[in-house]
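Since the structure comes first, as structure tokens, the remarks are kept for the end.
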Protein chains: 2
Amino acid sequence: MKYVVGHKNPDTDSIVSAIVLAYFLECYPAKLGNLNPETEFVLRKFGVMEPETIESAKNKELILVDHSEKSQSLDDLEEGKIIGIIDHHKVGLTTTEPILYYAKPVGSTATVIAELYFKNAMDLIGGKNKELKPDLAGLLLSAIISDTVLFKSPTTTELDKEMAKKLAEIAGIKNINEFGMDILKAKSVVSKLKPEEIISMDFKDFNFNGKKVGIGQVEVIDIKEIEDKKDKILELLKEKLNKENYDLIVFMITDIMKEGSEMLVIGNVKMFEKAFNVKVENNTVFLEGVMSRKKQVVPPLEKAYLSN
Amino acid sequence: MKYVVGHKNPDTDSIVSAIVLAYFLECYPAKLGNLNPETEFVLRKFGVMEPETIESAKNKELILVDHSEKSQSLDDLEEGKIIGIIDHHKVGLTTTEPILYYAKPVGSTATVIAELYFKNAMDLIGGKNKELKPDLAGLLLSAIISDTVLFKSPTTTELDKEMAKKLAEIAGIKNINEFGMDILKAKSVVSKLKPEEIISMDFKDFNFNGKKVGIGQVEVIDIKEIEDKKDKILELLKEKLNKENYDLIVFMITDIMKEGSEMLVIGNVKMFEKAFNVKVENNTVFLEGVMSRKKQVVPPLEKAYLSN
């Protein structure tokens with residue numbers, strides 16, 4: 001059985017990429033956890049079913065989308081067979097056999113998939129060159145908007161904007177900005193969520209030079225939405241650090257309008273300070289302009305660990 | 001400065017892929033060592049200049065072709081910036097930032113490049129959709145023939161054959177088999193080479209679970225061509241093992257006609273025996289049907305090391 005599957009703590013790009021790619025590759029989409037409120041909103045909006053949750057790689061052929069870190073994938077990954085990776089992150093694993101690998105440094109995996117579609121080049125990655133229906137075009141557009149924070153994230157490229165325009169046409173969406181604000185609002189339902197839910201919504205594990213590092217992120221329209229939950233969040237993260245043997249946990253509260261992130265830093269604070277050349281006080285520091293975990297947080301942190 | 005560069009001890013696929021991809025990406029091709037007799041023959045045949053040899057990654061943007069193992073690349077790779085990888089091997093490195101990565105499990109990197117050309121999809125990897133001239137088509141065809149041993153290697157796919165046919169048309173080559181035998185003969189000039197030259201012609205380093213392993217290969221039309229040099233080759237490989245701290249060296253003498261390889265095994269012989277479930281006697285064993293380092297030697301060896 002062949003599955004397309006995104007990362008743990010799935011976000012919209014991870015779910016949507018699995019659904020749309022499975023359509024072109026004519027296999028099954030899968031997910032590794034519950035949908036977040038934004039993704040639920042998006043799937044409901046376009047009337048698309050959520051993919052099946054899988055818990056084991058056993059006897060499965062897997063195409064990973066939107067990740068290549070083993071720590072973000074199925075726990076028993078080596079029981080299955082990775083046959084492909086379609087991604088927009090750094091290269092996070094090595095393999096023992098040749099596989100299909102297609103990744104580009106763009107704003108979302110949905111962008112990579114959309115480009116293959118519009119180039120009529122799905123066959124390059126083993127897919128069929130079929131028509132993209134309006135519902136799936138709407139999903140891809142939503143994923144681009146979500147991952148690029150409506151083109152405000154520094155990971156945004158011209159290709160993301162170009163693909164979004166073309167997808168909006170197929171999906172029949174006239175005003176991308178208006179549509180985008182609806183998605184971001186759905187993303188930013190933090191005020192309604194419990195602290196436990198907030199920290200687990202988008203939390204990724206990394207292995208930096210042998211050390212376990214967790215980096216979570218929540219996006220808000222205004223940091224005030226989350227202000228009264230911050231103490232509880234910090235407390236929960238400290239528990240998590242100890243229980244699950246993290247060397248460092250970083251939690252980004254990204255203010256979409258201010259275009260920056262309040263960073264909660266627990267554990268190896270010195271390493272964080274070295275990586276960003278800042279001073280952390282009471283486990284927190286605001287970083288102007290930092291909105292992307294992938295592009296602005298992972299690389300300096302990994303470099304700091306590697307040079308240790 | 002932007003360079004496309006293949007692996008150390010370059011073979012025809014590595015050199016040709018650098019030349020042709022640099023043409024489409026409008027940057028510079030480079031190499032990491034001297035041409036082997038086959039590649040010299042091929043470049044002379046199509047009247048194409050050999051790429052410049054580079055010795056440092058400093059201040060360079062690099063697109064790696066035909067490899068992704070750091071041990072097969074520039075020694076000071078981290079002084080430069082890897083911006084892309086176009087390959088047909090297993091994933092051999094991780095990166096700290098998102099890059100362009102395009103690899104397919106096919107017979108040669110030239111196949112991957114040819115497919116992008118015929119799909120008019122060079123722009124997917126940042127290239128121009130320009131015309132492929134007959135000389136460059138001839139080079140790509142030669143690389144496919146070389147890497148797949150005229151479609152006899154088990155790494156050969158339908159795509160390799162399809163691309164070879166289309167490239168032959170552009171290059172004006174009527175009989176691919178005849179042309180292929182000329183290349184294989186040029187490859188198999190071992191009888192004229194010194195043992196030192198034979199072992200260094202196509203030798204790659206790997207890091208398996210922290211251990212340094214070297215795997216070399218030479219292809220012959222008939223193992224007898226090399227018979228009288230085998231003792232000297234073994235002696236040289238033993239010296240190399242000790243001097244350069246290898247845990248294991250495997251040298252494949254691949255008999256193209258018999259479709260199998262005599263394996264010279266030096267160092268951690270037990271690991272090799274475990275990986276292939278065979279008995280090595282006097283440092284040698286013949287493996288029926290084994291012709292591909294990438295597909296038939298690297299995976300079982302790496303697995304044996306990892307499960308140790």
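Scheme for the structure tokens: letters A, B, ... for chains in order shown; per-chain residue numbers from 1; ligand numbers from 1 in order shown.
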
With 9 Å as the cut-off and only C-alpha atoms counted, what is the closest atom pair between each nearby residue of chain A and chain B? Distances in Å to one decimal, ordered by chain and number, as JSON lines.
```
{"residue": "A:Gly84", "atom": "CA", "partner": "B:Lys104", "partner_atom": "CA", "distance": 8.8}
{"residue": "A:His88", "atom": "CA", "partner": "B:Pro98", "partner_atom": "CA", "distance": 6.4}
{"residue": "A:His89", "atom": "CA", "partner": "B:Pro98", "partner_atom": "CA", "distance": 4.7}
{"residue": "A:Lys90", "atom": "CA", "partner": "B:Pro98", "partner_atom": "CA", "distance": 3.7}
{"residue": "A:Val91", "atom": "CA", "partner": "B:Thr94", "partner_atom": "CA", "distance": 4.7}
{"residue": "A:Gly92", "atom": "CA", "partner": "B:Thr94", "partner_atom": "CA", "distance": 5.1}
{"residue": "A:Leu93", "atom": "CA", "partner": "B:Thr94", "partner_atom": "CA", "distance": 5.8}
{"residue": "A:Thr94", "atom": "CA", "partner": "B:Val91", "partner_atom": "CA", "distance": 4.7}
{"residue": "A:Thr95", "atom": "CA", "partner": "B:Val91", "partner_atom": "CA", "distance": 5.1}
{"residue": "A:Thr96", "atom": "CA", "partner": "B:Pro299", "partner_atom": "CA", "distance": 5.2}
{"residue": "A:Glu97", "atom": "CA", "partner": "B:Lys90", "partner_atom": "CA", "distance": 4.7}
{"residue": "A:Pro98", "atom": "CA", "partner": "B:Lys90", "partner_atom": "CA", "distance": 3.7}
{"residue": "A:Ile99", "atom": "CA", "partner": "B:Pro105", "partner_atom": "CA", "distance": 5.2}
{"residue": "A:Leu100", "atom": "CA", "partner": "B:Lys104", "partner_atom": "CA", "distance": 4.4}
{"residue": "A:Tyr101", "atom": "CA", "partner": "B:Ala103", "partner_atom": "CA", "distance": 5.0}
{"residue": "A:Tyr102", "atom": "CA", "partner": "B:Tyr102", "partner_atom": "CA", "distance": 4.5}
{"residue": "A:Ala103", "atom": "CA", "partner": "B:Tyr101", "partner_atom": "CA", "distance": 5.0}
{"residue": "A:Lys104", "atom": "CA", "partner": "B:Leu100", "partner_atom": "CA", "distance": 4.4}
{"residue": "A:Pro105", "atom": "CA", "partner": "B:Pro98", "partner_atom": "CA", "distance": 5.1}
{"residue": "A:Val106", "atom": "CA", "partner": "B:Pro98", "partner_atom": "CA", "distance": 8.3}
{"residue": "A:Glu115", "atom": "CA", "partner": "B:Leu124", "partner_atom": "CA", "distance": 7.9}
{"residue": "A:Leu116", "atom": "CA", "partner": "B:Leu124", "partner_atom": "CA", "distance": 8.1}
{"residue": "A:Lys119", "atom": "CA", "partner": "B:Ala121", "partner_atom": "CA", "distance": 7.2}
{"residue": "A:Asn120", "atom": "CA", "partner": "B:Lys119", "partner_atom": "CA", "distance": 8.7}
{"residue": "A:Ala121", "atom": "CA", "partner": "B:Lys119", "partner_atom": "CA", "distance": 7.2}
{"residue": "A:Leu124", "atom": "CA", "partner": "B:Glu115", "partner_atom": "CA", "distance": 7.9}
{"residue": "A:Ile125", "atom": "CA", "partner": "B:Lys104", "partner_atom": "CA", "distance": 8.3}
{"residue": "A:Lys294", "atom": "CA", "partner": "B:Glu97", "partner_atom": "CA", "distance": 7.8}
{"residue": "A:Lys295", "atom": "CA", "partner": "B:Glu97", "partner_atom": "CA", "distance": 7.0}
{"residue": "A:Val298", "atom": "CA", "partner": "B:Thr96", "partner_atom": "CA", "distance": 7.6}
{"residue": "A:Pro299", "atom": "CA", "partner": "B:Thr96", "partner_atom": "CA", "distance": 5.4}
{"residue": "A:Pro300", "atom": "CA", "partner": "B:Thr96", "partner_atom": "CA", "distance": 8.6}
{"residue": "A:Glu302", "atom": "CA", "partner": "B:Thr96", "partner_atom": "CA", "distance": 6.9}
{"residue": "A:Lys303", "atom": "CA", "partner": "B:Thr96", "partner_atom": "CA", "distance": 7.6}
```

| Do you know which residues are at most 8 Å from region 282-292 of chain A counting only C-alpha atoms, after dropping those on the same chain fewer than 3 positions away, and could you put them as a PyMOL selection string? | chain A and resi 153-155+254+256+259-266+269+279+295-297

Residues just named, written with N, CA and C atoms as a tab-separated table (two decimals), in the first residue's frame:
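Saved as result.tsv:
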```tsv
chain	number	residue	atom	x	y	z
A	153	SER	N	5.61	36.14	5.37
A	153	SER	CA	6.77	35.44	5.92
A	153	SER	C	7.98	35.65	5.00
A	154	PRO	N	9.19	35.75	5.60
A	154	PRO	CA	10.39	35.93	4.76
A	154	PRO	C	10.69	34.72	3.89
A	155	THR	N	9.98	33.61	4.09
A	155	THR	CA	10.18	32.44	3.22
A	155	THR	C	9.46	32.62	1.89
A	254	THR	N	4.16	34.10	17.25
A	254	THR	CA	4.41	34.99	16.11
A	254	THR	C	3.24	35.95	15.92
A	256	ILE	N	1.46	38.22	13.63
A	256	ILE	CA	1.39	38.38	12.18
A	256	ILE	C	1.40	39.85	11.78
A	259	GLU	N	4.78	41.49	12.66
A	259	GLU	CA	5.86	40.82	11.93
A	259	GLU	C	7.08	40.56	12.80
A	260	GLY	N	6.84	39.85	13.87
A	260	GLY	CA	7.94	39.42	14.74
A	260	GLY	C	7.43	38.36	15.68
A	261	SER	N	8.34	37.76	16.48
A	261	SER	CA	7.91	36.68	17.37
A	261	SER	C	8.44	36.87	18.79
A	262	GLU	N	7.56	36.65	19.76
A	262	GLU	CA	8.04	36.51	21.12
A	262	GLU	C	8.51	35.07	21.27
A	263	MET	N	9.77	34.91	21.70
A	263	MET	CA	10.33	33.58	21.81
A	263	MET	C	10.32	33.16	23.28
A	264	LEU	N	9.68	32.02	23.59
A	264	LEU	CA	9.80	31.44	24.92
A	264	LEU	C	10.94	30.43	24.84
A	265	VAL	N	11.91	30.56	25.75
A	265	VAL	CA	13.12	29.75	25.64
A	265	VAL	C	13.33	28.99	26.95
A	266	ILE	N	13.32	27.65	26.86
A	266	ILE	CA	13.44	26.84	28.07
A	266	ILE	C	14.55	25.81	27.88
A	269	VAL	N	19.34	27.79	27.52
A	269	VAL	CA	19.14	29.19	27.12
A	269	VAL	C	20.42	29.79	26.53
A	279	LYS	N	19.92	38.51	24.51
A	279	LYS	CA	19.84	38.18	25.93
A	279	LYS	C	18.39	37.77	26.23
A	295	LYS	N	13.33	29.07	8.30
A	295	LYS	CA	14.36	29.89	7.67
A	295	LYS	C	15.11	30.75	8.67
A	296	GLN	N	14.47	31.10	9.79
A	296	GLN	CA	15.11	32.06	10.68
A	296	GLN	C	15.44	31.50	12.07
A	297	VAL	N	14.91	30.34	12.40
A	297	VAL	CA	15.18	29.79	13.73
A	297	VAL	C	16.02	28.51	13.65
```

| field | DSSP alpha helix (DSSP H) residues within region 119-300 of chain A, listed as a ChimeraX atom specification | value | /A:134-148,158-171,176-187,195-200,230-243,269-276,298-300

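When CA of Lys212 (chain B) is paired with CA of Ser307 (chain B), their separation reads 15.9 Å.
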
Spatial neighbours of Lys270 (chain B), max dist 12 Å, only C-alpha atoms, sep filter under 4 positions, as a CSV table (one decimal) with C-alpha atoms, in the first residue's frame:
```
chain,number,residue,atom,x,y,z
B,247,ASP,CA,37.6,0.2,8.2
B,248,LEU,CA,36.9,-1.7,4.9
B,265,VAL,CA,37.7,-7.3,0.2
B,266,ILE,CA,40.2,-5.8,2.5
B,274,LYS,CA,27.6,-10.5,7.0
B,275,ALA,CA,26.3,-8.0,4.5
B,276,PHE,CA,26.3,-10.4,1.6
B,277,ASN,CA,26.0,-13.6,3.4
B,278,VAL,CA,29.0,-15.1,1.6
B,279,LYS,CA,32.4,-16.4,2.5
B,280,VAL,CA,35.4,-14.4,1.4
B,281,GLU,CA,38.6,-16.4,0.6
B,283,ASN,CA,40.3,-11.5,0.1
B,301,LEU,CA,26.9,-2.8,3.4
B,304,ALA,CA,25.2,-4.3,8.0
B,305,TYR,CA,27.1,-1.4,9.6
B,308,ASN,CA,26.1,-3.6,14.2
```

| field | Proximity to Ile215 (chain A) - best of A:Ile249, A:Leu43, A:Met1, A:Ile170, only C-alpha atoms | value |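 Closest candidate: A:Ile249.
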
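The spacing separating CA of Pro29 (chain B) from CA of Val4 (chain B) amounts to 4.8 Å.
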
| task | Identify, with DSSP run on backbone atoms, the residues in region 55-284 of chain A assigned to strand (DSSP E or B), and express the list as a ChimeraX atom specification. | result | /A:61-65,81-87,90,98,100-103,203-208,211-220,248-255,260-267,281,284

| query | Got a sec: who's within 8 Å of Asp202 (chain A), counting only C-alpha atoms, leaving out chain neighbours fewer than 6 positions off, as a ChimeraX atom specification? | reply | /A:9-11,216-218

| field | Spatial neighbours of Asp135 (chain B), max dist 9 Å, only C-alpha atoms, sep filter under 6 positions, as a PyMOL selection string | value | chain B and resi 45-48+170-171

Now that the selection is made, can you save its residues with N, CA and C atoms as a PDB file, in the first residue's frame?
```pdb
ATOM      1  N   LYS B  45      35.385  12.757 -28.730  1.00  0.00           N
ATOM      2  CA  LYS B  45      34.462  12.350 -29.794  1.00  0.00           C
ATOM      3  C   LYS B  45      33.481  13.467 -30.164  1.00  0.00           C
ATOM      4  N   PHE B  46      32.973  14.175 -29.140  1.00  0.00           N
ATOM      5  CA  PHE B  46      31.981  15.213 -29.426  1.00  0.00           C
ATOM      6  C   PHE B  46      32.578  16.615 -29.429  1.00  0.00           C
ATOM      7  N   GLY B  47      33.906  16.685 -29.315  1.00  0.00           N
ATOM      8  CA  GLY B  47      34.590  17.979 -29.421  1.00  0.00           C
ATOM      9  C   GLY B  47      34.199  18.970 -28.346  1.00  0.00           C
ATOM     10  N   VAL B  48      34.032  18.473 -27.119  1.00  0.00           N
ATOM     11  CA  VAL B  48      33.664  19.372 -26.019  1.00  0.00           C
ATOM     12  C   VAL B  48      34.845  19.489 -25.052  1.00  0.00           C
ATOM     13  N   ILE B 170      18.868  13.187 -31.634  1.00  0.00           N
ATOM     14  CA  ILE B 170      19.427  14.543 -31.717  1.00  0.00           C
ATOM     15  C   ILE B 170      20.912  14.491 -32.083  1.00  0.00           C
ATOM     16  N   ALA B 171      21.610  13.512 -31.491  1.00  0.00           N
ATOM     17  CA  ALA B 171      23.057  13.428 -31.711  1.00  0.00           C
ATOM     18  C   ALA B 171      23.382  12.818 -33.073  1.00  0.00           C
TER      19      ALA B 171
END
```

| field | Spatial neighbours of Asn59 (chain A), max dist 10 Å, only C-alpha atoms, sep filter under 6 positions, as number ranges by chain | value | A: 1-2, 79-81

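Distance-wise, CA of Ile145 (chain A) and CA of Gly180 (chain A) end up 6.1 Å apart.
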
Quick one: residues within 10 Å of Lys161 (chain A), only C-alpha atoms, excluding same-chain residues fewer than 2 positions away - as a PDB file with C-alpha atoms, in the first residue's frame?
```pdb
ATOM      1  CA  GLY A 107       7.174  29.107   0.807  1.00  0.00           C
ATOM      2  CA  THR A 111       3.768  25.669  -4.177  1.00  0.00           C
ATOM      3  CA  LEU A 141      -4.094  28.063  -2.276  1.00  0.00           C
ATOM      4  CA  ILE A 144       0.328  28.588   0.447  1.00  0.00           C
ATOM      5  CA  ILE A 145      -1.451  31.353   2.351  1.00  0.00           C
ATOM      6  CA  THR A 148       3.604  32.125   3.962  1.00  0.00           C
ATOM      7  CA  LEU A 150      -0.438  35.625   3.485  1.00  0.00           C
ATOM      8  CA  PHE A 151       2.922  36.301   1.762  1.00  0.00           C
ATOM      9  CA  THR A 156       7.803  33.842   0.588  1.00  0.00           C
ATOM     10  CA  THR A 157       9.050  33.739  -3.011  1.00  0.00           C
ATOM     11  CA  GLU A 158       7.722  35.122  -6.292  1.00  0.00           C
ATOM     12  CA  LEU A 159       6.739  31.559  -7.213  1.00  0.00           C
ATOM     13  CA  MET A 163       1.024  29.935  -8.000  1.00  0.00           C
ATOM     14  CA  ALA A 164      -1.495  31.486  -5.585  1.00  0.00           C
ATOM     15  CA  LYS A 165      -2.873  33.678  -8.368  1.00  0.00           C
ATOM     16  CA  LYS A 166      -3.258  30.790 -10.776  1.00  0.00           C
ATOM     17  CA  LEU A 167      -4.845  28.560  -8.123  1.00  0.00           C
TER      18      LEU A 167
END
```
